[in-house]
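Dumped protein.txt below, it's compact mmCIF, C-alpha atoms:
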# COMPACT_ATOMS: atom_id res chain seq x y z
CA MET A 1 -35.50 -25.15 117.74
CA ALA A 2 -35.47 -28.70 116.40
CA LYS A 3 -37.32 -27.54 113.27
CA VAL A 4 -34.70 -24.91 112.47
CA ASN A 5 -31.99 -27.52 112.95
CA SER A 6 -33.55 -30.00 110.53
CA PHE A 7 -34.00 -27.24 107.94
CA LYS A 8 -30.36 -26.35 108.39
CA ILE A 9 -29.25 -29.96 107.95
CA ALA A 10 -31.43 -30.39 104.89
CA PHE A 11 -30.07 -27.18 103.37
CA ILE A 12 -26.49 -28.18 104.00
CA THR A 13 -27.08 -31.60 102.45
CA LEU A 14 -28.72 -30.05 99.41
CA SER A 15 -25.88 -27.60 99.00
CA TRP A 16 -23.48 -30.48 98.43
CA ILE A 17 -25.52 -31.87 95.55
CA PRO A 18 -24.09 -29.49 92.91
CA VAL A 19 -20.61 -30.49 94.07
CA MET A 20 -21.41 -34.16 93.55
CA MET A 21 -23.00 -33.43 90.20
CA THR A 22 -19.97 -31.44 89.08
CA PHE A 23 -17.72 -34.30 90.11
CA ASN A 24 -19.88 -36.87 88.30
CA ASN A 25 -20.07 -34.78 85.13
CA ASN A 26 -16.56 -33.42 84.96
CA VAL A 27 -14.20 -35.75 86.81
CA CYS A 28 -15.26 -39.36 86.90
CA TYR A 29 -18.31 -41.58 87.11
CA VAL A 30 -19.33 -45.20 86.59
CA ALA A 31 -21.09 -46.57 83.56
CA ASN A 32 -22.91 -49.80 82.77
CA ILE A 33 -22.01 -51.26 79.40
CA LYS A 34 -24.83 -52.80 77.40
CA GLY A 35 -24.66 -54.66 74.15
CA SER A 36 -22.13 -56.85 72.41
CA SER A 37 -20.31 -54.49 70.07
CA MET A 38 -17.19 -54.43 72.24
CA ARG A 39 -16.91 -58.20 72.66
CA PRO A 40 -14.77 -59.87 73.82
CA THR A 41 -13.10 -56.92 75.56
CA LEU A 42 -16.30 -55.86 77.35
CA ASN A 43 -19.44 -57.88 78.12
CA PRO A 44 -17.99 -61.21 76.99
CA ASN A 45 -21.01 -63.11 78.31
CA ASP A 46 -24.59 -62.96 77.14
CA ASN A 47 -25.88 -62.74 80.68
CA GLU A 48 -27.63 -59.40 81.44
CA ILE A 49 -26.69 -59.66 85.09
CA SER A 50 -22.99 -59.84 84.40
CA ASN A 51 -22.86 -56.68 82.26
CA ASP A 52 -19.61 -54.86 82.87
CA TRP A 53 -19.43 -51.69 84.90
CA VAL A 54 -16.51 -49.42 84.05
CA LEU A 55 -14.87 -46.40 85.65
CA LEU A 56 -15.51 -43.50 83.31
CA TRP A 57 -12.85 -40.79 83.37
CA LYS A 58 -14.38 -37.51 82.26
CA PHE A 59 -11.78 -34.86 83.00
CA GLY A 60 -10.40 -33.36 79.79
CA CYS A 61 -11.99 -36.16 77.76
CA GLN A 62 -12.84 -33.86 74.85
CA LYS A 63 -9.34 -32.50 74.38
CA SER A 64 -7.45 -33.92 71.42
CA TYR A 65 -4.25 -34.42 73.43
CA ASN A 66 -6.13 -36.78 75.76
CA LEU A 67 -7.71 -38.91 73.05
CA HIS A 68 -5.39 -41.59 71.71
CA ARG A 69 -5.79 -44.50 69.34
CA ASP A 70 -7.05 -47.63 71.12
CA ASP A 71 -8.75 -45.69 73.92
CA ILE A 72 -12.24 -46.87 74.76
CA ILE A 73 -14.67 -43.96 74.89
CA LEU A 74 -18.32 -43.38 75.61
CA PHE A 75 -20.02 -40.79 73.42
CA LYS A 76 -23.43 -39.46 72.41
CA ALA A 77 -24.66 -41.28 69.31
CA PRO A 78 -24.75 -39.03 66.22
CA SER A 79 -28.12 -40.45 65.21
CA ASP A 80 -29.74 -39.84 68.61
CA PRO A 81 -28.11 -37.69 71.29
CA SER A 82 -29.96 -39.45 74.11
CA THR A 83 -28.25 -42.77 73.31
CA VAL A 84 -24.71 -43.44 74.51
CA TYR A 85 -22.34 -45.65 72.54
CA CYS A 86 -19.17 -47.33 73.76
CA LYS A 87 -16.47 -47.90 71.14
CA ARG A 88 -12.72 -47.89 70.65
CA ILE A 89 -10.89 -45.01 68.96
CA LYS A 90 -9.23 -46.35 65.83
CA GLY A 91 -8.21 -43.06 64.25
CA ILE A 92 -7.63 -39.52 65.49
CA GLN A 93 -7.62 -36.14 63.74
CA TYR A 94 -5.75 -36.01 60.40
CA ASP A 95 -5.39 -39.81 60.10
CA THR A 96 -6.44 -41.45 56.84
CA ILE A 97 -8.60 -44.48 57.46
CA LYS A 98 -9.27 -47.58 55.36
CA THR A 99 -13.02 -47.97 55.71
CA LYS A 100 -15.21 -51.05 55.74
CA ALA A 101 -18.70 -51.59 54.32
CA PRO A 102 -21.22 -49.90 54.57
CA TYR A 103 -19.13 -46.74 54.29
CA PRO A 104 -19.53 -45.38 50.74
CA ARG A 105 -15.88 -44.43 50.21
CA GLU A 106 -12.70 -46.53 50.42
CA THR A 107 -10.64 -44.08 52.46
CA VAL A 108 -11.47 -41.03 54.52
CA THR A 109 -9.29 -38.36 56.12
CA ILE A 110 -10.43 -37.44 59.60
CA PRO A 111 -11.02 -33.68 60.10
CA ARG A 112 -9.67 -31.65 62.99
CA ASN A 113 -11.02 -32.67 66.42
CA HIS A 114 -12.83 -35.70 65.02
CA LEU A 115 -12.40 -39.41 65.79
CA TRP A 116 -12.89 -42.68 63.97
CA VAL A 117 -14.47 -45.23 66.32
CA GLU A 118 -15.07 -48.93 65.88
CA GLY A 119 -16.36 -51.72 68.07
CA ASP A 120 -14.06 -54.66 68.87
CA ASN A 121 -16.80 -57.03 67.71
CA VAL A 122 -16.22 -56.50 64.00
CA PHE A 123 -19.36 -58.27 62.83
CA HIS A 124 -21.83 -56.73 65.20
CA SER A 125 -21.07 -53.05 65.64
CA ILE A 126 -22.70 -49.82 64.53
CA ASP A 127 -19.72 -47.49 64.35
CA SER A 128 -17.88 -44.96 62.21
CA ASN A 129 -18.21 -47.27 59.23
CA LYS A 130 -21.88 -46.33 59.35
CA PHE A 131 -21.93 -42.75 60.66
CA GLY A 132 -18.50 -41.46 59.72
CA PRO A 133 -16.02 -39.65 61.97
CA ILE A 134 -17.50 -38.11 65.11
CA SER A 135 -16.70 -34.74 66.66
CA SER A 136 -14.79 -34.95 69.94
CA GLY A 137 -17.53 -32.66 71.31
CA LEU A 138 -19.72 -35.76 71.54
CA VAL A 139 -17.32 -37.64 73.85
CA ILE A 140 -18.63 -38.18 77.37
CA GLY A 141 -15.65 -40.00 78.90
CA LYS A 142 -12.96 -42.66 78.66
CA ALA A 143 -13.42 -46.15 80.12
CA VAL A 144 -10.28 -46.75 82.12
CA LYS A 145 -10.97 -49.78 84.32
CA VAL A 146 -13.56 -52.52 84.68
CA ILE A 147 -14.88 -52.25 88.24
CA TRP A 148 -17.61 -54.93 88.23
CA PRO A 149 -17.82 -57.92 88.19
CA PRO A 150 -14.75 -58.41 90.41
CA SER A 151 -13.61 -61.39 88.32
CA ARG A 152 -12.94 -58.96 85.47
CA TRP A 153 -10.91 -56.42 87.41
CA GLY A 154 -7.69 -57.25 85.62
CA THR A 155 -9.03 -56.78 82.09
CA ASP A 156 -6.62 -54.87 79.93
CA LEU A 157 -8.74 -52.35 78.11
CA LYS A 158 -5.84 -51.19 75.98
CA GLU A 159 -5.55 -54.45 74.09
CA SER A 160 -7.36 -53.84 70.84
CA LEU A 161 -9.20 -56.84 69.48
CA GLY A 162 -10.93 -55.18 66.58
CA ARG A 163 -9.66 -54.43 63.08
CA GLY A 164 -5.96 -53.91 62.77
CA ASN A 165 -4.18 -51.76 60.17
CA VAL A 166 -7.03 -49.32 59.93
CA VAL A 167 -4.86 -46.24 59.57
CA THR A 168 -3.21 -46.03 56.17
CA ILE A 169 -1.13 -42.90 56.38
CA ASN A 170 0.00 -41.98 59.86
CA PRO A 171 1.12 -38.32 59.82
CA ASP A 172 3.38 -38.87 62.86
CA LEU A 173 5.56 -41.34 61.01
CA SER A 174 6.01 -39.48 57.73
CA MET B 1 -3.81 -31.31 118.59
CA SER B 2 -7.29 -29.89 118.87
CA SER B 3 -6.00 -26.30 118.82
CA ALA B 4 -4.29 -26.94 115.45
CA ALA B 5 -7.54 -28.34 114.11
CA ALA B 6 -9.43 -25.34 115.50
CA SER B 7 -7.10 -22.85 113.79
CA LEU B 8 -7.63 -24.63 110.46
CA LYS B 9 -11.41 -24.47 110.80
CA PRO B 10 -11.96 -21.01 109.23
CA PHE B 11 -9.92 -22.11 106.19
CA THR B 12 -11.71 -25.39 105.69
CA SER B 13 -15.09 -23.79 106.16
CA ALA B 14 -14.26 -20.97 103.72
CA PHE B 15 -13.05 -23.60 101.25
CA SER B 16 -16.20 -25.64 101.71
CA TYR B 17 -18.46 -22.63 101.07
CA THR B 18 -16.44 -21.58 98.04
CA ILE B 19 -16.47 -24.99 96.44
CA ARG B 20 -20.21 -25.34 96.97
CA ALA B 21 -20.87 -21.91 95.48
CA ILE B 22 -18.69 -22.55 92.45
CA CYS B 23 -20.29 -25.91 91.76
CA PHE B 24 -23.76 -24.43 92.15
CA LEU B 25 -22.94 -21.77 89.55
CA HIS B 26 -21.39 -24.37 87.27
CA ILE B 27 -24.43 -26.62 87.40
CA THR B 28 -26.78 -23.68 86.80
CA HIS B 29 -24.64 -22.61 83.88
CA SER B 30 -24.66 -26.13 82.37
CA TYR B 31 -28.24 -27.18 82.94
CA ILE B 32 -30.37 -24.07 83.33
CA TYR B 33 -29.29 -20.69 82.01
CA GLU B 34 -26.33 -18.89 80.55
CA PHE B 35 -25.69 -15.22 79.81
CA THR B 36 -22.78 -14.82 77.48
CA GLU B 37 -21.26 -12.47 74.92
CA THR B 38 -21.30 -13.22 71.22
CA ARG B 39 -18.86 -11.95 68.65
CA GLY B 40 -18.91 -12.11 64.90
CA GLU B 41 -20.94 -10.95 61.96
CA SER B 42 -22.54 -14.25 61.08
CA MET B 43 -25.83 -13.49 62.84
CA LEU B 44 -26.34 -9.93 61.63
CA PRO B 45 -28.80 -8.23 61.90
CA THR B 46 -30.33 -10.46 64.59
CA LEU B 47 -27.25 -10.20 66.81
CA ALA B 48 -24.79 -7.32 66.66
CA ALA B 49 -21.19 -8.01 65.67
CA GLU B 50 -19.92 -7.33 69.17
CA ASN B 51 -21.07 -6.49 72.68
CA ASP B 52 -24.28 -8.38 72.20
CA TYR B 53 -25.06 -10.68 75.11
CA VAL B 54 -27.44 -13.60 74.69
CA HIS B 55 -29.68 -15.36 77.19
CA ALA B 56 -29.44 -19.10 76.49
CA ILE B 57 -31.78 -21.67 78.06
CA LYS B 58 -30.08 -25.00 78.65
CA LYS B 59 -33.30 -27.02 78.79
CA TYR B 60 -32.84 -27.33 75.00
CA LYS B 61 -29.46 -29.04 75.36
CA ASP B 62 -28.88 -31.85 72.85
CA GLY B 63 -31.61 -30.30 70.71
CA LYS B 64 -34.48 -31.39 72.95
CA GLY B 65 -37.56 -29.46 71.87
CA CYS B 66 -35.68 -27.45 69.25
CA GLN B 67 -37.53 -26.64 66.06
CA ILE B 68 -36.70 -25.28 62.66
CA GLY B 69 -36.23 -21.52 62.88
CA ASP B 70 -34.85 -21.55 66.45
CA CYS B 71 -31.61 -19.78 67.32
CA ILE B 72 -29.20 -22.09 69.11
CA VAL B 73 -25.80 -22.15 70.78
CA ALA B 74 -23.71 -25.16 69.80
CA ALA B 75 -20.14 -26.38 70.07
CA LYS B 76 -18.22 -26.04 66.81
CA PRO B 77 -17.70 -29.55 65.37
CA THR B 78 -14.07 -28.90 64.47
CA ASP B 79 -13.32 -27.10 67.73
CA PRO B 80 -15.70 -28.16 70.52
CA SER B 81 -14.22 -25.78 73.07
CA HIS B 82 -15.60 -22.87 71.01
CA ARG B 83 -19.26 -22.07 70.68
CA VAL B 84 -21.22 -20.77 67.74
CA CYS B 85 -24.67 -19.15 67.55
CA LYS B 86 -26.65 -20.15 64.51
CA ARG B 87 -30.20 -20.64 63.34
CA ILE B 88 -31.66 -24.07 62.61
CA THR B 89 -32.77 -24.15 58.97
CA GLY B 90 -33.19 -27.91 58.60
CA MET B 91 -34.48 -30.61 60.97
CA PRO B 92 -33.77 -34.37 60.69
CA GLY B 93 -35.45 -35.79 57.60
CA ASP B 94 -35.91 -32.46 55.81
CA TYR B 95 -34.82 -32.03 52.21
CA ILE B 96 -33.03 -28.69 51.96
CA LEU B 97 -30.95 -26.80 49.45
CA ILE B 98 -27.27 -26.64 50.29
CA ASP B 99 -26.84 -22.96 49.41
CA PRO B 100 -29.61 -21.11 47.56
CA SER B 101 -27.87 -17.80 48.26
CA LEU B 102 -24.86 -18.75 46.15
CA ASN B 103 -24.57 -16.31 43.28
CA ALA B 104 -23.66 -18.57 40.42
CA ILE B 105 -22.84 -15.61 38.24
CA ARG B 106 -19.96 -17.10 36.39
CA GLU B 107 -19.55 -17.59 32.73
CA GLY B 108 -21.49 -20.48 31.33
CA THR B 109 -23.22 -21.54 34.53
CA ASP B 110 -26.89 -22.17 34.84
CA LEU B 111 -28.79 -19.60 36.92
CA ASP B 112 -30.72 -22.48 38.42
CA GLU B 113 -27.62 -24.24 39.72
CA PRO B 114 -27.81 -23.18 43.39
CA PHE B 115 -31.41 -24.41 43.41
CA GLU B 116 -30.56 -27.90 42.24
CA SER B 117 -28.38 -29.38 45.00
CA TYR B 118 -30.46 -30.94 47.75
CA ILE B 119 -29.38 -32.81 50.83
CA GLN B 120 -31.51 -34.74 53.30
CA VAL B 121 -30.61 -33.92 56.91
CA PRO B 122 -29.65 -37.20 58.66
CA ASP B 123 -31.30 -38.43 61.88
CA GLY B 124 -30.07 -36.75 65.01
CA HIS B 125 -28.55 -33.85 63.06
CA VAL B 126 -29.61 -30.29 62.27
CA TRP B 127 -28.66 -27.97 59.44
CA VAL B 128 -27.61 -24.59 60.78
CA THR B 129 -26.96 -21.31 59.02
CA GLY B 130 -26.08 -17.86 60.29
CA ASP B 131 -28.66 -15.16 59.60
CA ASN B 132 -26.06 -13.24 57.59
CA LEU B 133 -25.70 -15.67 54.71
CA SER B 134 -22.93 -13.60 53.11
CA HIS B 135 -20.59 -13.84 56.06
CA SER B 136 -21.22 -17.05 57.94
CA LEU B 137 -19.27 -20.27 58.30
CA ASP B 138 -21.97 -22.86 58.92
CA SER B 139 -23.49 -26.11 57.68
CA ARG B 140 -22.92 -25.01 54.11
CA THR B 141 -19.23 -25.57 54.82
CA TYR B 142 -19.03 -28.18 57.58
CA ASN B 143 -22.25 -30.13 56.89
CA SER B 144 -25.08 -30.69 59.38
CA ILE B 145 -24.13 -30.88 63.03
CA PRO B 146 -25.16 -33.63 65.47
CA MET B 147 -27.78 -32.53 67.99
CA GLY B 148 -25.43 -33.76 70.73
CA LEU B 149 -23.38 -30.61 70.15
CA ILE B 150 -26.30 -28.24 70.85
CA LYS B 151 -25.78 -26.51 74.20
CA GLY B 152 -28.94 -24.40 74.45
CA LYS B 153 -31.47 -22.18 72.76
CA ILE B 154 -31.14 -18.40 72.58
CA VAL B 155 -34.34 -16.77 73.72
CA ALA B 156 -33.32 -13.14 74.18
CA ALA B 157 -30.40 -10.77 73.85
CA ASN B 158 -29.10 -7.53 75.34
CA ASP B 159 -27.19 -5.19 73.10
CA PHE B 160 -24.70 -3.40 75.29
CA ASN B 161 -23.99 -1.01 72.46
CA LYS B 162 -27.37 0.57 73.06
CA PRO B 163 -27.95 3.11 75.85
CA PHE B 164 -29.34 1.91 79.14
CA TRP B 165 -32.73 3.53 78.69
CA ASN B 166 -33.97 3.15 75.18
CA GLY B 167 -37.48 4.50 75.38
CA SER B 168 -39.37 1.78 77.22
CA LEU B 169 -39.05 -0.61 80.12
CA THR B 170 -38.82 -3.60 77.82
CA ASN B 171 -35.87 -2.15 76.01
CA ILE B 172 -33.34 -1.67 78.80
CA LEU B 173 -29.83 -2.05 77.42
CA GLY B 174 -31.21 -3.04 74.05
CA PHE B 175 -33.18 -6.07 75.32
CA ARG B 176 -35.18 -7.96 72.75
CA TRP B 177 -36.64 -11.43 72.37
CA ILE B 178 -34.96 -13.61 69.76
CA LYS B 179 -37.88 -15.26 68.04
CA ASN B 180 -38.41 -18.31 65.90
CA ILE B 181 -38.82 -17.01 62.34
CA TYR B 182 -40.36 -20.06 60.70
CA VAL B 183 -43.73 -18.73 59.56
CA GLU B 184 -46.59 -19.83 57.38
CA GLU B 185 -46.92 -18.04 54.12
CA SER B 186 -50.33 -16.53 53.48
CA ASN B 187 -51.52 -17.37 50.00
CA ASP B 188 -52.16 -13.94 48.57
CA ASN B 189 -51.45 -14.77 44.94
CA MET C 1 -18.70 -34.46 60.10
CA ALA C 2 -22.16 -35.68 59.34
CA PRO C 3 -22.75 -39.25 58.21
CA PRO C 4 -22.11 -39.64 54.48
CA THR C 5 -25.18 -38.24 52.69
CA PRO C 6 -25.55 -38.01 48.93
CA ILE C 7 -26.41 -34.79 47.13
CA GLN C 8 -29.70 -35.15 45.28
CA SER C 9 -31.03 -33.13 42.42
CA ARG C 10 -34.27 -31.18 42.55
CA GLU C 11 -35.94 -33.62 40.21
CA GLU C 12 -35.05 -36.62 42.37
CA VAL C 13 -36.38 -34.96 45.50
CA LEU C 14 -39.66 -33.83 43.95
CA ARG C 15 -40.18 -37.20 42.31
CA GLY C 16 -39.70 -38.92 45.67
CA LYS C 17 -42.13 -36.50 47.29
CA LYS C 18 -44.77 -37.24 44.62
CA CYS C 19 -44.60 -40.94 45.42
CA LEU C 20 -45.01 -40.31 49.13
CA THR C 21 -47.91 -37.89 48.77
CA MET C 22 -49.67 -40.21 46.33
CA VAL C 23 -49.65 -42.98 48.92
CA ASP C 24 -50.95 -40.57 51.53
CA ASN C 25 -53.76 -39.25 49.35
CA LYS C 26 -56.23 -38.40 52.08
CA LYS C 27 -53.81 -35.99 53.70
CA GLY C 28 -52.82 -34.28 50.45
CA LYS C 29 -52.80 -30.89 52.18
CA CYS C 30 -49.53 -29.00 51.99
CA THR C 31 -48.53 -25.82 53.82
CA LEU C 32 -46.15 -23.25 52.47
CA THR C 33 -43.79 -21.79 55.06
CA SER C 34 -40.74 -19.56 55.00
CA ILE C 35 -37.66 -18.44 56.88
CA THR C 36 -36.25 -15.02 56.05
CA GLN C 37 -32.53 -14.63 56.52
CA PHE C 38 -30.27 -11.84 55.23
CA GLN C 39 -27.36 -10.98 53.08
CA CYS C 40 -25.42 -8.15 54.66
CA ARG C 41 -22.61 -6.05 53.29
CA PHE C 42 -20.63 -3.28 54.86
CA GLU C 43 -21.30 0.20 53.58
CA ASN C 44 -18.89 2.18 55.67
CA SER C 45 -16.36 0.00 57.40
CA TYR C 46 -15.06 2.88 59.53
CA GLU C 47 -18.40 3.35 61.21
CA GLY C 48 -19.28 -0.32 61.07
CA GLU C 49 -22.43 0.44 59.10
CA TYR C 50 -23.95 -2.29 57.04
CA ILE C 51 -26.92 -2.87 54.77
CA CYS C 52 -28.89 -6.10 55.02
CA LEU C 53 -31.09 -7.38 52.24
CA PRO C 54 -33.62 -10.05 53.19
CA PHE C 55 -33.27 -13.50 51.65
CA LYS C 56 -36.39 -15.63 51.85
CA ARG C 57 -36.33 -19.40 51.84
CA LEU C 58 -39.55 -21.25 51.08
CA PHE C 59 -40.48 -24.66 52.44
CA GLU C 60 -43.37 -26.94 51.62
CA GLU C 61 -44.61 -29.21 54.36
CA CYS C 62 -46.71 -32.17 53.19
CA SER C 63 -47.84 -34.79 55.71
CA GLY C 64 -44.80 -34.41 57.89
CA ILE C 65 -42.16 -34.11 55.16
CA ARG C 66 -40.51 -30.75 54.66
CA ILE C 67 -38.89 -29.84 51.36
CA GLU C 68 -37.22 -26.55 50.53
CA VAL C 69 -38.80 -25.08 47.40
CA THR C 70 -36.80 -21.85 47.10
CA ASP C 71 -36.07 -21.06 43.48
CA ARG C 72 -34.54 -18.17 41.64
CA PHE C 73 -37.85 -16.31 41.54
CA THR C 74 -38.31 -16.31 45.33
CA ASN C 75 -36.10 -13.31 45.93
CA ASN C 76 -36.25 -11.94 42.43
CA ASP C 77 -39.52 -10.45 41.34
CA LYS C 78 -38.91 -10.93 37.65

Could you spell out this file's structure in structure tokens?
Amino acid sequence: MAKVNSFKIAFITLSWIPVMMTFNNNVCYVANIKGSSMRPTLNPNDNEISNDWVLLWKFGCQKSYNLHRDDIILFKAPSDPSTVYCKRIKGIQYDTIKTKAPYPRETVTIPRNHLWVEGDNVFHSIDSNKFGPISSGLVIGKAVKVIWPPSRWGTDLKESLGRGNVVTINPDLS
Amino acid sequence: MSSAAASLKPFTSAFSYTIRAICFLHITHSYIYEFTETRGESMLPTLAAENDYVHAIKKYKDGKGCQIGDCIVAAKPTDPSHRVCKRITGMPGDYILIDPSLNAIREGTDLDEPFESYIQVPDGHVWVTGDNLSHSLDSRTYNSIPMGLIKGKIVAANDFNKPFWNGSLTNILGFRWIKNIYVEESNDN
Amino acid sequence: MAPPTPIQSREEVLRGKKCLTMVDNKKGKCTLTSITQFQCRFENSYEGEYICLPFKRLFEECSGIRIEVTDRFTNNDK
């Protein structure tokens, strides 16, 4: 009798795992930010232990109406899908962007459902200036809040500290 | 108070079963296996233009273990909510021709022109083309796609246009394996 | 969009391959491989009938580098 009960409990516990996985993949999750390409917005210190943890909002994160300029997103790297990059959106679909070295052309128009991403740390970031615009199909989620360490809870992620004036012709304004 | 809670119980328990079942199906669909219809003439004659259903294995998501010659399902780069079925005809690092099937039969053009333009497939990307080169929107138009957009590999298909019994047990409803067509050439010359 | 990649000519590619295979002289073995796709056209659009002609693409694999070597004689017996 006790054996049947423990099987039942185990089965019920296991049956909730897909629900948790669906929530983690499709609604929200947490992510640990590594690297210095988003300094000073994220990871302002060199200390490994004080790496920022952010709340990653995943719901609808690939839809173009949810992706705005100056959003911080996590996405699969174009050069290696098992690596995840964290950068700020600087240009959305149809924007014309003024590029920076090492991009081979001076300006580029972003195709439909693509994004131009750059790190806030202008000197130390592998971003769209290297690999070009990325498809929104590679986006994993948006970083909405810093949740650890507690001293950084109030960080405003919307304040863009990277390159300004990146978009040359904004189709909304013309 | 407890009687109100008791009358709610069948609803909450039905809800709890439903949500667990839906999430189980969703996770299976994302990570393991998918059976879905394809439409379009870009993969003729491998896949029929309509009513052909493919079996896709999700273990090959993000291009893990995919090789040149495999048939894959991927999100369209310019419209990630739509999927496309194509064949991989270039792996990262390969030097391939952009479009050897282009008929450069115009006045004054070199017959060798389609065989002159090469591109090297970047890291983490694959070059995909539909099997029907005459009627396929693929890498020749939108360039190589990042492997992060690959959702799975197509291993088999069922053609619902065919009758249920088609002569043998392995051919029910037009079942056939979709194979990798990258083969070694035997040197007969 | 893929990262910006330049279009190279056949001569550039084959010249680069020669350099690489010269360095790797012991493994000078190359295999010839192919993928056969199709070019289909509709014969009778009412019935949805079509005719598919095979289109072969040749690749040469030398010590891990794959280069497409299709030329205009691959699908043309002349």

Pull out every residue of chain B sitting within 9 Å of chain A, counting only C-alpha atoms, and send them as a compact mmCIF listing (two decimals) with C-alpha atoms, keeping the file's coordinate frame.
# COMPACT_ATOMS: atom_id res chain seq x y z
CA ILE B 19 -16.47 -24.99 96.44
CA ARG B 20 -20.21 -25.34 96.97
CA ALA B 21 -20.87 -21.91 95.48
CA ILE B 22 -18.69 -22.55 92.45
CA CYS B 23 -20.29 -25.91 91.76
CA PHE B 24 -23.76 -24.43 92.15
CA LEU B 25 -22.94 -21.77 89.55
CA HIS B 26 -21.39 -24.37 87.27
CA ILE B 27 -24.43 -26.62 87.40
CA THR B 28 -26.78 -23.68 86.80
CA ASP B 62 -28.88 -31.85 72.85
CA GLY B 63 -31.61 -30.30 70.71
CA ALA B 75 -20.14 -26.38 70.07
CA LYS B 76 -18.22 -26.04 66.81
CA PRO B 77 -17.70 -29.55 65.37
CA THR B 78 -14.07 -28.90 64.47
CA ASP B 79 -13.32 -27.10 67.73
CA PRO B 80 -15.70 -28.16 70.52
CA SER B 81 -14.22 -25.78 73.07
CA PRO B 122 -29.65 -37.20 58.66
CA ASP B 123 -31.30 -38.43 61.88
CA GLY B 124 -30.07 -36.75 65.01
CA HIS B 125 -28.55 -33.85 63.06
CA ILE B 145 -24.13 -30.88 63.03
CA PRO B 146 -25.16 -33.63 65.47
CA MET B 147 -27.78 -32.53 67.99
CA GLY B 148 -25.43 -33.76 70.73
CA LEU B 149 -23.38 -30.61 70.15

- Write out as a list in words each polymer residue whose atoms come within 9 Å of range 105-108 of chain A, counting all atoms listed in the file; drop sequence neighbours fewer than 4 positions from it.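 Within the cut-off, the hits are Asp95, Thr96, Ile97, Lys98, Thr99, Lys100, Ala101, Gly132, Pro133 and Thr168 of chain A; Pro4 of chain C.
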
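Each of A:Ser151, A:Val144, A:Leu115, A:Asp52 was compared to chain C using all atoms listed in the file, and A:Leu115 turns out to be the nearest.
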
Counting all atoms listed in the file, which residues of chain C fall within 9 Å of chain B, and what is the closest atom pair for each with its distance in Å at one decimal, ordered by chain and rising number, as CSV?
residue,atom,partner,partner_atom,distance
C:Met1,CA,B:Asn143,CA,6.5
C:Ala2,CA,B:Ser144,CA,5.8
C:Pro3,CA,B:Pro122,CA,7.2
C:Pro4,CA,B:Pro122,CA,9.0
C:Thr5,CA,B:Ile119,CA,7.1
C:Pro6,CA,B:Ile119,CA,6.7
C:Ile7,CA,B:Ile119,CA,5.1
C:Gln8,CA,B:Tyr118,CA,4.9
C:Ser9,CA,B:Glu116,CA,5.3
C:Arg10,CA,B:Glu116,CA,5.0
C:Glu11,CA,B:Glu116,CA,8.1
C:Val13,CA,B:Tyr95,CA,7.5
C:Thr31,CA,B:Glu184,CA,7.2
C:Leu32,CA,B:Glu185,CA,5.5
C:Thr33,CA,B:Glu184,CA,4.1
C:Ser34,CA,B:Val183,CA,5.5
C:Ile35,CA,B:Tyr182,CA,5.0
C:Thr36,CA,B:Ile181,CA,7.1
C:Gln37,CA,B:Asp131,CA,5.0
C:Phe38,CA,B:Asn132,CA,5.0
C:Gln39,CA,B:Ser134,CA,5.1
C:Cys40,CA,B:Asn132,CA,5.9
C:Arg41,CA,B:Ser134,CA,7.6
C:Cys52,CA,B:Pro45,CA,7.2
C:Phe55,CA,B:Ser101,CA,7.7
C:Arg57,CA,B:Pro100,CA,8.1
C:Leu58,CA,B:Glu185,CA,8.6
C:Phe59,CA,B:Ile96,CA,8.5
C:Ile65,CA,B:Asp94,CA,6.5
C:Arg66,CA,B:Asp94,CA,5.0
C:Ile67,CA,B:Tyr95,CA,4.7
C:Glu68,CA,B:Ile96,CA,4.9
C:Val69,CA,B:Ile96,CA,8.2
C:Thr70,CA,B:Phe115,CA,7.0
C:Asp71,CA,B:Phe115,CA,5.7
C:Arg72,CA,B:Asp112,CA,6.6

- Excluding Ser50 in chain A and any residue of its chain fewer than 6 positions from it, enumerate the residues within 12 Å of it, using all atoms listed in the file, and give them as a PyMOL selection string. chain A and resi 32-35+42-44+146-152

- Item | Selected residue of minimal separation from chain C among A:Ile110, A:Cys61, A:Ile72, A:Leu157, counting only C-alpha atoms |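 Selected residue with least distance to chain C: A:Ile110.
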